[in-house]
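Participant: Next comes protein16.cif, mmCIF, C-alpha atoms:
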data_protein
loop_
_atom_site.label_atom_id
_atom_site.label_comp_id
_atom_site.auth_asym_id
_atom_site.auth_seq_id
_atom_site.Cartn_x
_atom_site.Cartn_y
_atom_site.Cartn_z
CA MET A 1487 55.81 126.55 93.67
CA ASN A 1488 53.01 128.89 92.57
CA LYS A 1489 50.28 127.42 90.37
CA LYS A 1490 50.12 129.09 86.96
CA ILE A 1491 46.54 130.04 86.10
CA CYS A 1492 45.89 131.21 82.55
CA ILE A 1493 42.76 133.27 81.82
CA VAL A 1494 41.70 133.80 78.21
CA THR A 1495 39.43 136.68 77.18
CA GLY A 1496 38.09 137.45 73.71
CA THR A 1497 35.48 140.21 74.11
CA ARG A 1498 34.88 143.43 76.03
CA ALA A 1499 31.86 142.00 77.85
CA GLU A 1500 33.65 138.82 78.89
CA TYR A 1501 36.64 140.76 80.22
CA GLY A 1502 34.27 142.90 82.27
CA LEU A 1503 32.89 139.77 83.91
CA LEU A 1504 36.35 138.32 84.53
CA LYS A 1505 38.12 141.46 85.72
CA SER A 1506 37.55 140.92 89.44
CA LEU A 1507 38.77 137.31 89.24
CA ILE A 1508 41.81 138.37 87.20
CA THR A 1509 42.60 140.96 89.89
CA GLN A 1510 42.29 138.48 92.76
CA ILE A 1511 44.43 135.81 91.08
CA ASN A 1512 47.05 138.43 90.19
CA GLN A 1513 47.25 139.56 93.83
CA ASP A 1514 47.31 136.09 95.41
CA VAL A 1515 50.75 134.76 96.35
CA ALA A 1516 49.61 131.17 95.75
CA PHE A 1517 49.03 131.78 92.05
CA GLU A 1518 50.85 133.15 89.02
CA LEU A 1519 48.50 134.91 86.60
CA GLN A 1520 48.86 134.38 82.87
CA LEU A 1521 46.61 136.45 80.62
CA ILE A 1522 45.77 135.94 76.94
CA ALA A 1523 43.78 138.44 74.86
CA THR A 1524 42.21 137.39 71.57
CA GLY A 1525 39.15 137.97 69.38
CA THR A 1526 37.65 141.46 69.25
CA HIS A 1527 40.14 142.77 71.84
CA LEU A 1528 42.68 143.02 69.00
CA SER A 1529 40.32 144.46 66.37
CA HIS A 1530 40.32 148.14 65.32
CA GLU A 1531 36.72 147.64 64.25
CA PHE A 1532 35.69 146.74 67.80
CA GLY A 1533 37.74 149.36 69.59
CA LEU A 1534 41.06 147.60 70.35
CA THR A 1535 39.79 146.83 73.84
CA TYR A 1536 43.01 145.04 74.83
CA LYS A 1537 44.22 148.57 75.64
CA GLN A 1538 41.66 148.75 78.44
CA ILE A 1539 43.11 145.57 79.92
CA GLU A 1540 46.57 147.14 79.92
CA GLN A 1541 45.20 150.43 81.31
CA ASP A 1542 43.80 148.41 84.19
CA GLY A 1543 47.38 147.45 85.04
CA PHE A 1544 47.48 143.87 83.73
CA ILE A 1545 50.27 142.36 81.64
CA ILE A 1546 48.97 140.47 78.60
CA ASP A 1547 51.23 137.45 78.13
CA GLU A 1548 49.96 136.57 74.65
CA LYS A 1549 47.88 138.37 72.02
CA ILE A 1550 46.30 135.84 69.68
CA GLU A 1551 45.16 137.36 66.37
CA MET A 1552 42.32 135.29 64.94
CA LEU A 1553 39.53 137.40 63.42
CA LEU A 1554 39.15 137.69 59.67
CA SER A 1555 37.53 140.75 58.11
CA SER A 1556 34.40 138.77 57.23
CA ASP A 1557 31.66 137.41 59.50
CA THR A 1558 30.35 134.63 57.26
CA PRO A 1559 30.10 131.13 58.81
CA THR A 1560 33.13 130.07 56.75
CA ALA A 1561 35.14 133.02 58.09
CA VAL A 1562 34.20 132.16 61.68
CA VAL A 1563 35.34 128.55 61.17
CA LYS A 1564 38.63 129.74 59.64
CA SER A 1565 39.11 132.11 62.58
CA MET A 1566 38.72 129.17 64.94
CA GLY A 1567 41.33 127.28 62.97
CA LEU A 1568 43.80 130.15 63.19
CA ALA A 1569 43.10 130.46 66.91
CA THR A 1570 43.69 126.76 67.52
CA ILE A 1571 47.10 126.91 65.83
CA ASP A 1572 48.24 129.95 67.81
CA PHE A 1573 46.78 128.80 71.14
CA SER A 1574 48.73 125.55 70.86
CA THR A 1575 51.96 127.52 70.57
CA ALA A 1576 51.00 129.93 73.36
CA PHE A 1577 50.03 127.15 75.78
CA GLN A 1578 53.23 125.26 75.07
CA ARG A 1579 55.23 128.37 75.91
CA LEU A 1580 53.25 129.39 78.99
CA ASN A 1581 52.75 125.82 80.27
CA PRO A 1582 49.82 126.73 82.57
CA ASP A 1583 48.60 124.46 85.36
CA LEU A 1584 44.99 125.54 84.75
CA ILE A 1585 43.08 127.46 82.07
CA ILE A 1586 39.99 129.46 83.04
CA ILE A 1587 37.45 130.37 80.36
CA LEU A 1588 34.00 131.93 80.58
CA GLY A 1589 30.93 131.34 78.50
CA ASP A 1590 30.14 129.99 75.12
CA ARG A 1591 31.73 131.89 72.26
CA PHE A 1592 33.58 130.27 69.38
CA GLU A 1593 36.89 131.72 70.57
CA MET A 1594 36.53 129.73 73.79
CA LEU A 1595 35.76 126.53 71.88
CA ALA A 1596 39.14 126.92 70.16
CA VAL A 1597 40.75 127.39 73.57
CA ALA A 1598 39.04 124.35 75.08
CA GLN A 1599 39.79 121.92 72.26
CA THR A 1600 43.44 122.99 72.26
CA ALA A 1601 43.74 122.58 76.03
CA LEU A 1602 42.05 119.17 75.83
CA ILE A 1603 44.60 117.78 73.39
CA LEU A 1604 47.50 119.34 75.31
CA GLN A 1605 46.09 117.81 78.53
CA ILE A 1606 45.77 121.14 80.36
CA PRO A 1607 42.90 121.21 82.90
CA ILE A 1608 40.05 123.67 82.30
CA ALA A 1609 37.81 125.51 84.74
CA HIS A 1610 34.65 126.73 82.98
CA ILE A 1611 32.48 129.63 84.15
CA HIS A 1612 28.77 130.01 83.31
CA GLY A 1613 28.13 126.48 82.08
CA GLY A 1614 24.77 124.72 82.22
CA GLU A 1615 22.79 127.58 80.68
CA ASN A 1616 20.54 127.41 77.62
CA THR A 1617 20.36 129.83 74.68
CA PHE A 1618 18.48 128.06 71.92
CA GLY A 1619 18.71 130.95 69.45
CA ALA A 1620 22.47 130.67 68.95
CA TYR A 1621 25.01 127.96 68.26
CA ASP A 1622 26.65 129.24 71.44
CA ASP A 1623 24.33 126.80 73.22
CA ALA A 1624 26.09 123.79 71.71
CA ILE A 1625 29.50 125.40 72.24
CA ARG A 1626 28.77 125.93 75.94
CA HIS A 1627 27.79 122.31 76.52
CA SER A 1628 30.80 121.11 74.48
CA ILE A 1629 33.15 123.12 76.69
CA THR A 1630 31.45 121.57 79.73
CA LYS A 1631 32.47 118.13 78.48
CA MET A 1632 36.08 119.27 78.06
CA ALA A 1633 36.33 121.04 81.43
CA THR A 1634 37.11 119.50 84.81
CA TRP A 1635 35.76 122.20 87.15
CA HIS A 1636 32.57 124.17 86.68
CA PHE A 1637 31.50 127.48 88.23
CA VAL A 1638 27.81 128.02 87.46
CA SER A 1639 25.40 130.87 88.16
CA THR A 1640 22.29 129.11 89.55
CA GLU A 1641 21.31 125.80 91.13
CA GLU A 1642 19.34 124.96 87.97
CA HIS A 1643 22.50 125.35 85.92
CA ARG A 1644 24.45 123.21 88.39
CA LYS A 1645 21.94 120.39 87.97
CA ARG A 1646 22.17 120.66 84.19
CA VAL A 1647 25.97 120.36 84.21
CA ILE A 1648 25.65 117.27 86.40
CA GLN A 1649 23.03 115.95 83.98
CA LEU A 1650 25.69 116.27 81.28
CA GLY A 1651 27.76 113.72 83.20
CA GLU A 1652 29.98 115.94 85.33
CA HIS A 1653 30.64 114.80 88.89
CA PRO A 1654 28.75 116.88 91.50
CA SER A 1655 31.91 117.36 93.55
CA ARG A 1656 33.38 119.44 90.71
CA VAL A 1657 30.32 121.61 89.97
CA PHE A 1658 29.92 124.75 92.10
CA ASN A 1659 27.07 127.27 92.20
CA VAL A 1660 28.89 130.58 92.78
CA GLY A 1661 26.40 132.95 91.15
CA ALA A 1662 26.89 135.17 88.11
CA MET A 1663 30.28 136.84 87.79
CA GLY A 1664 28.95 140.24 86.74
CA ILE A 1665 26.71 140.81 89.74
CA GLU A 1666 29.49 141.77 92.16
CA TYR A 1667 30.36 144.92 90.20
CA ILE A 1668 26.86 146.20 90.81
CA PHE A 1669 27.49 146.04 94.56
CA ASN A 1670 31.13 147.13 94.55
CA LEU A 1671 31.53 149.76 91.80
CA GLU A 1672 30.75 153.39 92.49
CA LEU A 1673 28.64 154.06 89.41
CA LEU A 1674 28.55 157.39 87.61
CA SER A 1675 25.83 159.88 88.46
CA LYS A 1676 23.17 160.45 85.85
CA GLN A 1677 24.53 163.92 85.03
CA LYS A 1678 28.12 162.65 84.74
CA LEU A 1679 27.01 159.78 82.49
CA TYR A 1680 25.03 162.11 80.23
CA GLU A 1681 28.07 164.39 79.94
CA GLU A 1682 30.44 161.55 79.07
CA LEU A 1683 28.08 160.04 76.50
CA GLN A 1684 27.11 163.51 75.19
CA LEU A 1685 23.38 162.89 75.53
CA ASP A 1686 20.52 165.39 75.54
CA LEU A 1687 19.89 166.04 79.25
CA THR A 1688 16.23 166.82 78.61
CA LYS A 1689 15.43 163.29 77.37
CA PRO A 1690 15.63 159.81 78.92
CA PHE A 1691 17.55 157.12 77.04
CA PHE A 1692 17.28 153.51 75.93
CA LEU A 1693 20.40 151.30 76.06
CA ILE A 1694 20.49 148.86 73.13
CA THR A 1695 22.70 145.85 72.36
CA GLN A 1696 21.44 143.63 69.52
CA HIS A 1697 23.54 140.63 68.51
CA SER A 1698 22.91 138.24 65.64
CA GLU A 1699 20.91 135.06 66.13
CA THR A 1700 23.35 132.51 64.79
CA ASN A 1701 20.63 129.85 64.69
CA GLY A 1702 18.18 132.16 62.95
CA ASP A 1703 17.88 135.47 61.10
CA VAL A 1704 21.28 137.04 61.65
CA THR A 1705 20.35 140.47 60.25
CA ALA A 1706 16.92 141.11 61.84
CA ILE A 1707 17.65 144.70 62.90
CA GLU A 1708 15.56 146.95 60.66
CA ASP A 1709 12.29 146.54 62.57
CA LEU A 1710 14.01 147.38 65.84
CA LEU A 1711 15.51 150.55 64.37
CA ASN A 1712 12.15 151.56 62.92
CA VAL A 1713 10.50 151.19 66.33
CA LEU A 1714 13.23 153.10 68.14
CA ASP A 1715 12.98 155.95 65.64
CA GLU A 1716 9.42 156.58 66.86
CA HIS A 1717 10.47 157.16 70.49
CA ASP A 1718 11.56 160.66 71.48
CA VAL A 1719 14.48 159.51 73.63
CA ASN A 1720 18.25 159.27 73.45
CA LEU A 1721 19.38 155.97 71.94
CA VAL A 1722 22.67 154.48 73.15
CA PHE A 1723 23.90 151.50 71.09
CA THR A 1724 26.81 149.18 71.80
CA LYS A 1725 28.17 147.08 68.95
CA ALA A 1726 27.13 143.53 68.13
CA ASN A 1727 29.66 140.71 68.59
CA ALA A 1728 31.85 139.38 65.78
CA ASP A 1729 29.48 136.48 65.10
CA ASN A 1730 27.83 135.49 61.83
CA GLY A 1731 26.05 138.65 60.65
CA GLY A 1732 27.38 140.87 63.43
CA ARG A 1733 29.11 143.27 61.08
CA GLU A 1734 25.93 143.66 59.02
CA ILE A 1735 24.02 144.64 62.17
CA ASN A 1736 26.73 147.15 63.12
CA LYS A 1737 26.71 148.61 59.62
CA LYS A 1738 22.97 149.26 59.78
CA ILE A 1739 23.15 150.71 63.28
CA LYS A 1740 26.03 152.99 62.23
CA TYR A 1741 24.00 154.34 59.32
CA PHE A 1742 21.00 154.87 61.63
CA THR A 1743 23.09 156.84 64.13
CA GLU A 1744 24.57 158.98 61.36
CA ILE A 1745 21.14 160.23 60.28
CA ASN A 1746 19.57 160.41 63.76
CA ASN A 1747 21.11 162.94 66.14
CA ARG A 1748 19.43 161.30 69.14
CA ALA A 1749 21.35 158.06 68.57
CA LYS A 1750 24.97 157.15 69.35
CA LEU A 1751 26.97 153.97 68.67
CA PHE A 1752 29.87 152.92 70.92
CA ASP A 1753 32.47 150.23 70.22
CA SER A 1754 32.59 149.56 73.95
CA LEU A 1755 31.39 151.44 77.02
CA GLY A 1756 33.56 149.53 79.48
CA GLN A 1757 32.26 148.07 82.72
CA LEU A 1758 31.79 151.34 84.63
CA LYS A 1759 30.00 153.25 81.91
CA TYR A 1760 27.95 150.24 80.83
CA LEU A 1761 26.62 149.47 84.31
CA SER A 1762 26.07 153.18 84.94
CA ALA A 1763 24.11 153.33 81.70
CA VAL A 1764 22.02 150.33 82.77
CA LYS A 1765 21.25 152.02 86.09
CA HIS A 1766 20.12 155.30 84.53
CA ALA A 1767 18.45 153.95 81.36
CA GLN A 1768 14.72 154.01 81.04
CA LEU A 1769 14.95 150.64 79.30
CA VAL A 1770 17.59 148.13 78.22
CA ILE A 1771 16.73 146.62 74.84
CA GLY A 1772 18.20 143.86 72.65
CA ASN A 1773 19.25 140.26 73.10
CA SER A 1774 22.36 140.36 75.29
CA SER A 1775 22.54 138.03 78.29
CA SER A 1776 23.17 141.06 80.50
CA GLY A 1777 19.55 142.09 79.99
CA LEU A 1778 18.53 138.97 81.91
CA ILE A 1779 21.41 138.61 84.37
CA GLU A 1780 22.85 141.95 85.50
CA VAL A 1781 20.14 144.45 84.50
CA PRO A 1782 17.47 143.34 87.02
CA TYR A 1783 19.95 143.94 89.87
CA LEU A 1784 20.07 147.61 88.86
CA LYS A 1785 16.26 147.74 88.82
CA THR A 1786 15.87 148.63 85.18
CA PRO A 1787 13.31 146.83 82.99
CA SER A 1788 14.55 145.17 79.82
CA VAL A 1789 13.15 144.02 76.48
CA ASN A 1790 14.59 140.73 75.23
CA ILE A 1791 14.13 140.46 71.45
CA GLY A 1792 13.90 137.17 69.60
CA ASP A 1793 15.23 133.72 70.43
CA ARG A 1794 18.92 134.34 71.14
CA GLN A 1795 18.38 133.97 74.90
CA LYS A 1796 15.55 131.44 74.64
CA GLY A 1797 15.93 128.81 77.35
CA ARG A 1798 17.85 131.06 79.76
CA SER A 1799 16.37 131.75 83.21
CA CYS A 1800 14.31 134.92 82.90
CA PRO A 1801 13.47 137.34 85.75
CA ASN A 1802 10.06 139.03 85.88
CA SER A 1803 11.40 142.44 84.78
CA VAL A 1804 12.37 141.05 81.36
CA VAL A 1805 9.77 141.30 78.57
CA THR A 1806 10.50 138.84 75.76
CA THR A 1807 9.20 139.71 72.29
CA GLY A 1808 9.33 138.51 68.70
CA ILE A 1809 11.39 140.33 66.08
CA THR A 1810 8.67 142.15 64.14
CA LYS A 1811 8.06 145.88 64.48
CA ASP A 1812 4.66 145.39 66.12
CA GLU A 1813 5.95 142.79 68.60
CA ILE A 1814 8.92 144.95 69.61
CA ASP A 1815 6.72 148.02 70.00
CA LYS A 1816 4.30 146.16 72.29
CA GLY A 1817 7.23 144.81 74.29
CA ILE A 1818 8.68 148.28 74.84
CA LYS A 1819 5.32 149.65 75.98
CA LYS A 1820 4.85 146.73 78.40
CA ALA A 1821 8.35 147.11 79.83
CA LEU A 1822 7.85 150.84 80.38
CA GLU A 1823 4.88 149.99 82.61
CA PHE A 1824 6.88 147.64 84.85
CA LYS A 1825 7.35 149.05 88.37
CA GLY A 1826 8.75 146.03 90.26
CA PRO A 1827 9.53 144.25 92.45
CA TYR A 1828 12.59 142.96 90.58
CA GLU A 1829 13.57 139.29 90.71
CA GLN A 1830 17.30 138.76 91.28
CA ILE A 1831 18.07 135.09 90.66
CA PHE A 1832 21.78 134.98 89.77
CA GLY A 1833 23.46 135.01 93.15
CA ASP A 1834 24.55 137.37 95.91
CA GLY A 1835 27.45 139.17 94.27
CA HIS A 1836 30.28 137.12 95.82
CA ALA A 1837 31.20 134.91 92.86
CA THR A 1838 34.89 135.85 92.74
CA LYS A 1839 35.37 135.19 96.45
CA LYS A 1840 33.74 131.76 96.11
CA VAL A 1841 35.80 130.82 93.04
CA MET A 1842 39.04 131.83 94.80
CA GLU A 1843 38.17 129.79 97.88
CA ILE A 1844 37.50 126.73 95.72
CA LEU A 1845 40.71 127.13 93.69
CA LYS A 1846 42.73 127.31 96.91
CA CYS A 1847 41.10 124.15 98.26
CA LEU A 1848 42.06 122.06 95.23
CA ASP A 1849 45.05 119.91 96.12
CA THR A 1850 46.12 119.63 92.52
CA PHE A 1851 44.96 120.78 89.10
CA LYS A 1852 44.44 117.46 87.40
CA ILE A 1853 42.06 116.44 84.62
CA GLN A 1854 39.27 114.19 85.91
CA LYS A 1855 36.80 113.13 83.22
CA GLU A 1856 34.82 110.09 84.34
CA PHE A 1857 31.14 110.19 83.28
CA TYR A 1858 28.79 110.65 86.21
CA ASP A 1859 25.55 108.69 85.70
CA LEU A 1860 22.37 109.95 87.33
#
Any chance you could give the structure as structure tokens?
Facilitator:
Amino acid sequence: MNKKICIVTGTRAEYGLLKSLITQINQDVAFELQLIATGTHLSHEFGLTYKQIEQDGFIIDEKIEMLLSSDTPTAVVKSMGLATIDFSTAFQRLNPDLIIILGDRFEMLAVAQTALILQIPIAHIHGGENTFGAYDDAIRHSITKMATWHFVSTEEHRKRVIQLGEHPSRVFNVGAMGIEYIFNLELLSKQKLYEELQLDLTKPFFLITQHSETNGDVTAIEDLLNVLDEHDVNLVFTKANADNGGREINKKIKYFTEINNRAKLFDSLGQLKYLSAVKHAQLVIGNSSSGLIEVPYLKTPSVNIGDRQKGRSCPNSVVTTGITKDEIDKGIKKALEFKGPYEQIFGDGHATKKVMEILKCLDTFKIQKEFYDL
């Protein structure tokens, strides 16, 4: 009997990282894919990106509405509560043999705690990383303690998961999930990208994604916008996540793009356009993890603003700055001078293949949660 593997996705970026794995599980005769969409996928405000999942040919088994129209800490906690209630019903109906989740967002904490109580095994992707500027850091490590199998992106992260008490036999260094698209996707040409994004062909562009720092100043965006306004380039923004303060950031970016004809804001670029934009951008700017993980593989320098990614492994092409106008300006100038070589520390681009091989070698999906002492 086929093993039922349920994958849960809550954001556009996360789905992009999981798409190859979703495809492989869906095509494998040993497994039955179950797919749940939640979070910003179901939000008009964030582009209803569940439609992209369906356009890619996947059947969504459950759509879990959870987001409230506010992004205060109280609203986020209430969203998690709503998610927990609906995930319990969905998991009872689907009865999966294994749940796969990626990362560290609050949606995935709701998934993990529900699966734990229902005694459904969890495989967790991208554990063992540090991001001290966001409460995501604590969420990630919490999910590690609820998961049985762990697919990490570097050997350092593997050691950290083991340090958290997970048995080495269940912790696998497969590399970062997003890297394989860089090797396998036929990216858009510069001219085609400029046409699709409706950019001025005579100017280079910066690609910007600035999320809130949920352990710090969640609305520190004005200085960044003031600096960007001084550069005679196209400015391509993607929206901040639905975290504390994310809507406030998006509101200020939206106003900026409305009064600046060089700037454009997109709900979601999708994997192809986003990676094509990374490849052809003069700089990638903000505080998204992609600036540290995927961007160096496309040989584009990046500016990492603030503490959101503090603690994460950082390649040499990433310039980390403070959040003031002067600090960001200096960081941009330094990044523009970077010519390489580019460090690529998050694997060889075969993460999906490695995960599939491991899943097939598991005799049974069974929760194993002894504490491994160093």
Participant: A:Ala1598, A:Ile1648, A:Ile1745, A:Val1494: which is nearest His1527 (chain A), counting only C-alpha atoms?
Facilitator: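 Of the candidates, the smallest distance to His1527 (chain A) is held by A:Val1494.
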Participant: Apply the PyMOL selection byres ((chain A and resi 1616) around 9) to the displayed file and report the matching residues as a list in words.
Facilitator: Gly1613, Gly1614, Glu1615, Thr1617, Phe1618, Asp1622, Asp1623, Ala1624, Arg1626, His1627, His1643, Gln1795, Lys1796, Gly1797, Arg1798 and Ser1799 of chain A
Participant: Given only C-alpha atoms as the basis, pick out the residue of A:Ile1511, A:Glu1531, A:Lys1537, A:Arg1656 nearest to Gly1756 (chain A).
Facilitator: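 For Gly1756 (chain A), the nearest of the candidates is A:Lys1537.
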Participant: Translate the PyMOL selection byres ((chain A and resi 1516) around 9) into a concrete residue list for this structure, as a list in words.
Facilitator: Met1487, Asn1488, Lys1489, Ile1511, Gln1513, Asp1514, Val1515, Phe1517, Glu1518 and Lys1846 of chain A
Participant: Of the residues A:Val1805, A:Leu1604, A:Cys1800, A:Leu1554, which is the one nearest to Pro1787 (chain A), using all atoms listed in the file?
Facilitator: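 Using all atoms listed in the file, Pro1787 (chain A) sits closest to A:Val1805.
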Participant: Convert the output of the PyMOL selection byres ((chain A and resi 1718) around 10) on the shown file into explicit residues, formatted as an NGL selection string.
Facilitator: :A and (1689-1691 or 1714-1717 or 1719-1721 or 1748)
Participant: Grab the CA of Leu1758 (chain A) to CA of Ile1608 (chain A) distance for me, in Å with one decimal place.
Facilitator: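 Taking CA of Leu1758 (chain A) and CA of Ile1608 (chain A), their separation equals 29.0 Å.
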Participant: Report the distance between CA of Phe1544 (chain A) and CA of Ile1585 (chain A) in Å, rounded to one decimal place.
Facilitator: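 Atom-to-atom, CA of Phe1544 (chain A) and CA of Ile1585 (chain A) are spaced 17.1 Å apart.
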Participant: Might you pull out every residue within 9 Å of Leu1683 (chain A), with all atoms listed in the file counted and same-chain residues fewer than 4 positions away left off, and present them as a short mmCIF file (atom, residue, chain, number, x, y, z; two decimals) with C-alpha atoms, in the frame of the given file?
Facilitator:
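selection-v1.cif was written with the following content:
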data_model
loop_
_atom_site.label_atom_id
_atom_site.label_comp_id
_atom_site.auth_asym_id
_atom_site.auth_seq_id
_atom_site.Cartn_x
_atom_site.Cartn_y
_atom_site.Cartn_z
CA LYS A 1678 28.12 162.65 84.74
CA LEU A 1679 27.01 159.78 82.49
CA VAL A 1722 22.67 154.48 73.15
CA LYS A 1750 24.97 157.15 69.35
CA LYS A 1759 30.00 153.25 81.91
#
Participant: Since the input is missing atoms, can you rebuild all heavy atoms for region 1618-1626 of chain A and write them as an mmCIF file, in the frame of the given file?
Facilitator:
data_model
loop_
_atom_site.group_PDB
_atom_site.id
_atom_site.type_symbol
_atom_site.label_atom_id
_atom_site.label_comp_id
_atom_site.auth_asym_id
_atom_site.auth_seq_id
_atom_site.Cartn_x
_atom_site.Cartn_y
_atom_site.Cartn_z
ATOM 1 N N PHE A 1618 18.838 128.856 73.096
ATOM 2 C CA PHE A 1618 18.480 128.060 71.920
ATOM 3 C C PHE A 1618 18.602 128.834 70.602
ATOM 4 O O PHE A 1618 18.637 128.228 69.533
ATOM 5 C CB PHE A 1618 17.061 127.527 72.056
ATOM 6 C CG PHE A 1618 16.861 126.653 73.271
ATOM 7 C CD1 PHE A 1618 15.683 126.702 73.993
ATOM 8 C CD2 PHE A 1618 17.856 125.789 73.693
ATOM 9 C CE1 PHE A 1618 15.497 125.908 75.111
ATOM 10 C CE2 PHE A 1618 17.686 124.985 74.810
ATOM 11 C CZ PHE A 1618 16.497 125.050 75.519
ATOM 12 N N GLY A 1619 18.677 130.169 70.676
ATOM 13 C CA GLY A 1619 18.710 130.950 69.450
ATOM 14 C C GLY A 1619 20.096 131.150 68.863
ATOM 15 O O GLY A 1619 20.248 131.884 67.890
ATOM 16 N N ALA A 1620 21.102 130.500 69.446
ATOM 17 C CA ALA A 1620 22.470 130.670 68.950
ATOM 18 C C ALA A 1620 23.226 129.360 69.054
ATOM 19 O O ALA A 1620 22.958 128.540 69.930
ATOM 20 C CB ALA A 1620 23.193 131.760 69.760
ATOM 21 N N TYR A 1621 24.197 129.172 68.160
ATOM 22 C CA TYR A 1621 25.010 127.960 68.260
ATOM 23 C C TYR A 1621 25.899 127.997 69.493
ATOM 24 O O TYR A 1621 26.537 127.004 69.843
ATOM 25 C CB TYR A 1621 25.829 127.701 66.998
ATOM 26 C CG TYR A 1621 26.717 128.811 66.471
ATOM 27 C CD1 TYR A 1621 27.582 129.525 67.287
ATOM 28 C CD2 TYR A 1621 26.713 129.117 65.113
ATOM 29 C CE1 TYR A 1621 28.407 130.512 66.794
ATOM 30 C CE2 TYR A 1621 27.542 130.108 64.590
ATOM 31 C CZ TYR A 1621 28.389 130.796 65.446
ATOM 32 O OH TYR A 1621 29.205 131.780 64.941
ATOM 33 N N ASP A 1622 25.933 129.155 70.167
ATOM 34 C CA ASP A 1622 26.650 129.240 71.440
ATOM 35 C C ASP A 1622 26.165 128.179 72.415
ATOM 36 O O ASP A 1622 26.923 127.719 73.279
ATOM 37 C CB ASP A 1622 26.444 130.621 72.076
ATOM 38 C CG ASP A 1622 27.010 131.755 71.246
ATOM 39 O OD1 ASP A 1622 27.631 131.470 70.207
ATOM 40 O OD2 ASP A 1622 26.832 132.913 71.626
ATOM 41 N N ASP A 1623 24.896 127.793 72.317
ATOM 42 C CA ASP A 1623 24.330 126.800 73.220
ATOM 43 C C ASP A 1623 25.094 125.487 73.129
ATOM 44 O O ASP A 1623 25.483 124.900 74.150
ATOM 45 C CB ASP A 1623 22.850 126.587 72.872
ATOM 46 C CG ASP A 1623 22.097 125.845 73.961
ATOM 47 O OD1 ASP A 1623 22.069 126.344 75.099
ATOM 48 O OD2 ASP A 1623 21.528 124.779 73.664
ATOM 49 N N ALA A 1624 25.340 125.028 71.910
ATOM 50 C CA ALA A 1624 26.090 123.790 71.710
ATOM 51 C C ALA A 1624 27.551 123.960 72.119
ATOM 52 O O ALA A 1624 28.176 123.033 72.659
ATOM 53 C CB ALA A 1624 25.992 123.338 70.259
ATOM 54 N N ILE A 1625 28.115 125.135 71.854
ATOM 55 C CA ILE A 1625 29.500 125.400 72.240
ATOM 56 C C ILE A 1625 29.649 125.324 73.755
ATOM 57 O O ILE A 1625 30.585 124.709 74.288
ATOM 58 C CB ILE A 1625 29.967 126.767 71.714
ATOM 59 C CG1 ILE A 1625 30.083 126.747 70.190
ATOM 60 C CG2 ILE A 1625 31.297 127.178 72.357
ATOM 61 C CD1 ILE A 1625 30.406 128.084 69.577
ATOM 62 N N ARG A 1626 28.704 125.928 74.479
ATOM 63 C CA ARG A 1626 28.770 125.930 75.940
ATOM 64 C C ARG A 1626 28.787 124.516 76.505
ATOM 65 O O ARG A 1626 29.601 124.176 77.363
ATOM 66 C CB ARG A 1626 27.580 126.710 76.503
ATOM 67 C CG ARG A 1626 27.598 126.889 78.017
ATOM 68 C CD ARG A 1626 26.313 127.520 78.531
ATOM 69 N NE ARG A 1626 25.970 128.695 77.768
ATOM 70 C CZ ARG A 1626 24.962 128.746 76.883
ATOM 71 N NH1 ARG A 1626 24.214 127.675 76.665
ATOM 72 N NH2 ARG A 1626 24.713 129.849 76.219
#
